[in-house]
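Peer 1: Have a look at the structure that comes next, please.
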Amino acid sequence: MAYSRYQVLNIVYIILLVPVCAGIASGFLPLWVLMPLAAGYLCLLVTGSYFIRMNFYFRSLNRLPRFKISFDDTGTNVTSRDKKVVLTFDDGPHANTAAVLEILRKEDVKAVFFLVGKHAAAQESLVRPLSEAGHQVGNHSYSHTASFGWQSAKKMAAEIERTNQVLEGITGAPVSLFRPPFGVTNPNLGKAIRMSGMLSIGWSIRSYDTVAKDEDRLIRRIMQRLHPGAVILLHERCDITVRVLPALIQKIRQQGYTFATF
């Protein structure tokens, strides 16, 4: 059985606390020595929660697997040793979805869309074309609220399943990919994902398109971090993302990369 980094941290801290508490009980150590230990522990928990790439509480797929076989945008079998990347779009469907879809059609690129259940239920006409065009559709929770991660594992699993039912009802295809809202993780979410039988997807390049103001700087940020097997996080609801997408695709191709899905 492989332990998560969270579990390893707990084991290490227990081992550390035993002699420290013994020292405090015997009067050899002052009580305040527990403060830096507690602060360090909490800092690691928070860091692990907010950086999905750490795979702290559970494992997420943050880049293409090294030996997984998939199809690039030319329909050729490739492995992640080849120069390929995945474009992923969060928070849809949105009014911009159709524009993004048209750009991908013109550029002959397949991408992955992580959709919010309540948005998909309200805008089915924007979801169906994604599947029909051959793009991958993933689960991004039903509500996408800041409180999602504070729920019990059972409630989160129910929300994931509710979204699956919506997406599968629209596309007619099973949904197996899940991306946590905001990329925030915790032990309960890990349980919920296991209960749902989903594969957690993170990213290796965060574009920060939600706060970007300068188009050239946004493209430059992504291109400076480009690497084989990269999973790029974008948001179709951002107008700047729609504007830079054609140029971004062209620049990625100029570097000898092709586009793939999971």
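Ordered as shown in the structure tokens, chains take letters A, B, and onward, while each chain numbers its residues from 1 and ligands are numbered from 1 in the order shown.
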Run DSSP on the backbone and tell me which residues of range 40-250 of chain A come out as helix (DSSP H, G or I); list them as a VMD selection string.
Peer 2: chain A and resid 40 to 50 52 to 54 97 to 107 117 to 122 124 to 132 148 to 150 153 to 171 181 to 183 187 to 196 215 to 224 239 to 250
Peer 1: Give me, as a PDB file with C-alpha atoms, in the first residue's frame, all polymer residues having an atom no more than 10 Å from range 205-207 of chain A, counting only C-alpha atoms and skipping those fewer than 3 positions away in the same chain.
Peer 2:
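Dumped to around-v2.pdb:
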```
ATOM      1  CA  ARG A  53       0.658  19.409  -8.231  1.00  0.00           C
ATOM      2  CA  ASN A  62      -0.767  16.696 -13.571  1.00  0.00           C
ATOM      3  CA  ARG A  63       0.948  15.810 -16.830  1.00  0.00           C
ATOM      4  CA  LEU A  87      -5.219  22.139 -23.496  1.00  0.00           C
ATOM      5  CA  GLY A 202      -4.500  18.713 -12.157  1.00  0.00           C
ATOM      6  CA  THR A 210      -8.265  34.720 -14.872  1.00  0.00           C
ATOM      7  CA  VAL A 211      -6.136  37.667 -13.782  1.00  0.00           C
ATOM      8  CA  ALA A 212      -4.115  38.322 -16.954  1.00  0.00           C
ATOM      9  CA  LEU A 218      -0.083  35.566 -21.010  1.00  0.00           C
ATOM     10  CA  ILE A 219       1.271  33.723 -24.047  1.00  0.00           C
ATOM     11  CA  ARG A 220       4.843  34.248 -22.886  1.00  0.00           C
ATOM     12  CA  ARG A 221       4.091  32.824 -19.451  1.00  0.00           C
ATOM     13  CA  ILE A 222       2.736  29.613 -20.973  1.00  0.00           C
ATOM     14  CA  MET A 223       5.476  29.258 -23.586  1.00  0.00           C
ATOM     15  CA  GLN A 224       8.258  29.737 -21.020  1.00  0.00           C
ATOM     16  CA  ARG A 225       6.899  26.796 -19.048  1.00  0.00           C
ATOM     17  CA  LEU A 226       6.092  24.513 -21.971  1.00  0.00           C
ATOM     18  CA  HIS A 227       7.394  20.953 -21.686  1.00  0.00           C
ATOM     19  CA  ALA A 230       2.308  19.506 -20.236  1.00  0.00           C
ATOM     20  CA  VAL A 231      -1.274  19.990 -19.064  1.00  0.00           C
ATOM     21  CA  ILE A 232      -2.219  23.647 -19.551  1.00  0.00           C
ATOM     22  CA  LEU A 233      -4.929  25.226 -17.383  1.00  0.00           C
ATOM     23  CA  LEU A 234      -7.129  27.767 -19.175  1.00  0.00           C
ATOM     24  CA  HIS A 235     -10.624  29.190 -18.618  1.00  0.00           C
ATOM     25  CA  THR A 241      -8.111  33.460 -23.400  1.00  0.00           C
TER      26      THR A 241
END
```
Peer 1: Could you jot down the CA of Val175 in chain A to CA of Asn139 in chain A separation for me, Å, one decimal place?
Peer 2: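 Between CA of Val175 in chain A and CA of Asn139 in chain A the gap is 7.1 Å.
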Peer 1: Rounded to one decimal, what separation in Å do you get between CA of Leu126 in chain A and CA of Arg162 in chain A?
Peer 2: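 Atom-to-atom, CA of Leu126 in chain A and CA of Arg162 in chain A are spaced 18.5 Å apart.
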Peer 1: With only C-alpha atoms as the atoms that count, which of A:Ile201, A:Gln250, A:Gly229, A:Leu189 lies nearest to Lys155 in chain A?
Peer 2: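 Of A:Ile201, A:Gln250, A:Gly229, A:Leu189, the one nearest Lys155 in chain A, counting only C-alpha atoms, is A:Leu189.
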Peer 1: Write out as an NGL selection string which residues come within 12 Å of Asn10 in chain A when counting only C-alpha atoms, dropping same-chain ones fewer than 6 positions away.
Peer 2: :A and (3-4 or 16-17 or 37-38 or 41-42 or 44-45 or 56-57)
Peer 1: Could you please take those selected residues and save C-alpha atoms as a tab-separated table (two decimals), in the first residue's frame?
Peer 2:
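Final output, out06.tsv:
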```
chain	number	residue	atom	x	y	z
A	3	TYR	CA	1.08	6.15	1.52
A	4	SER	CA	0.11	9.67	0.51
A	16	LEU	CA	8.68	13.56	16.46
A	17	LEU	CA	5.98	14.29	19.03
A	37	LEU	CA	6.05	22.06	15.34
A	38	ALA	CA	2.35	22.93	15.17
A	41	TYR	CA	2.46	21.15	10.42
A	42	LEU	CA	-0.36	23.60	9.63
A	44	LEU	CA	2.38	22.04	5.22
A	45	LEU	CA	-1.33	21.16	5.35
A	56	PHE	CA	-0.27	15.79	-1.12
A	57	TYR	CA	-3.56	14.19	-0.09
```
Peer 1: I need the residue nearest Pro129 in chain A from this list: A:Arg253, A:Arg105, A:Arg243, A:His144. Use only C-alpha atoms for the distance.
Peer 2: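 When distances to Pro129 in chain A are compared using only C-alpha atoms, the smallest one comes from A:Arg105.
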Peer 1: Point out the residue among A:Leu199, A:Leu104, A:Val244, A:Ala133 with the least atom-to-atom distance to Phe259 in chain A, counting only C-alpha atoms.
Peer 2: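 Under the stated criterion, the closest residue is A:Leu104.
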Peer 1: Between A:Leu9, A:Cys21, A:Ala122, A:Leu245, which is the closest to Glu215 in chain A once you count only C-alpha atoms?
Peer 2: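 Checking each of A:Leu9, A:Cys21, A:Ala122, A:Leu245 against Glu215 in chain A, counting only C-alpha atoms, the winner is A:Leu245.
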Peer 1: Could you check which of A:Pro246, A:Pro30, A:Pro187, A:Gly256 is closest to Met156 in chain A, using only C-alpha atoms?
Peer 2: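 Answer, going by the shortest atom-to-atom distance: A:Pro187.
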Peer 1: Enumerate as a PyMOL selection string all residues of range 31-231 of chain A assigned to strand (DSSP E or B) by DSSP on the backbone, naming them with the chain letters and numbers the document uses.
Peer 2: chain A and resi 61+63+70-72+77-78+84-92+112-115+136-139+177-178+199-201+205-206+230-231
Peer 1: Closest to Pro181 in chain A among A:Met35, A:Met198, A:Val116, A:Ala111, using only C-alpha atoms?
Peer 2: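 Of A:Met35, A:Met198, A:Val116, A:Ala111, the one nearest Pro181 in chain A is A:Val116, counting only C-alpha atoms.
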Peer 1: List as a list in words the protein and nucleic acid residues near His119 in chain A, meaning an atom at most 8 Å away when only C-alpha atoms are counted, but skip any in the same chain fewer than 4 places from it.
Peer 2: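 My reading of the contact set: Gly92, Pro93, His94, Leu115 and Gln123 of chain A.
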Peer 1: Can you write just those residues out, N, CA and C atoms, as a short mmCIF file (atom, residue, chain, number, x, y, z; two decimals), in the first residue's frame?
Peer 2:
```cif
data_model
loop_
_atom_site.label_atom_id
_atom_site.label_comp_id
_atom_site.auth_asym_id
_atom_site.auth_seq_id
_atom_site.Cartn_x
_atom_site.Cartn_y
_atom_site.Cartn_z
N GLY A 92 -16.71 26.01 -17.69
CA GLY A 92 -17.79 26.12 -18.68
C GLY A 92 -18.98 25.25 -18.31
N PRO A 93 -20.00 25.21 -19.17
CA PRO A 93 -20.06 25.99 -20.40
C PRO A 93 -20.32 27.47 -20.12
N HIS A 94 -19.93 28.29 -21.10
CA HIS A 94 -20.02 29.74 -20.96
C HIS A 94 -20.36 30.33 -22.32
N LEU A 115 -16.41 20.85 -17.01
CA LEU A 115 -17.65 21.62 -16.94
C LEU A 115 -18.28 21.60 -15.56
N GLN A 123 -27.39 25.00 -19.82
CA GLN A 123 -26.98 25.34 -21.18
C GLN A 123 -26.55 24.09 -21.95
#
```
Peer 1: Between CA of Val33 in chain A and CA of Ser49 in chain A, what is the distance, to one decimal in Å?
Peer 2: 25.3 Å
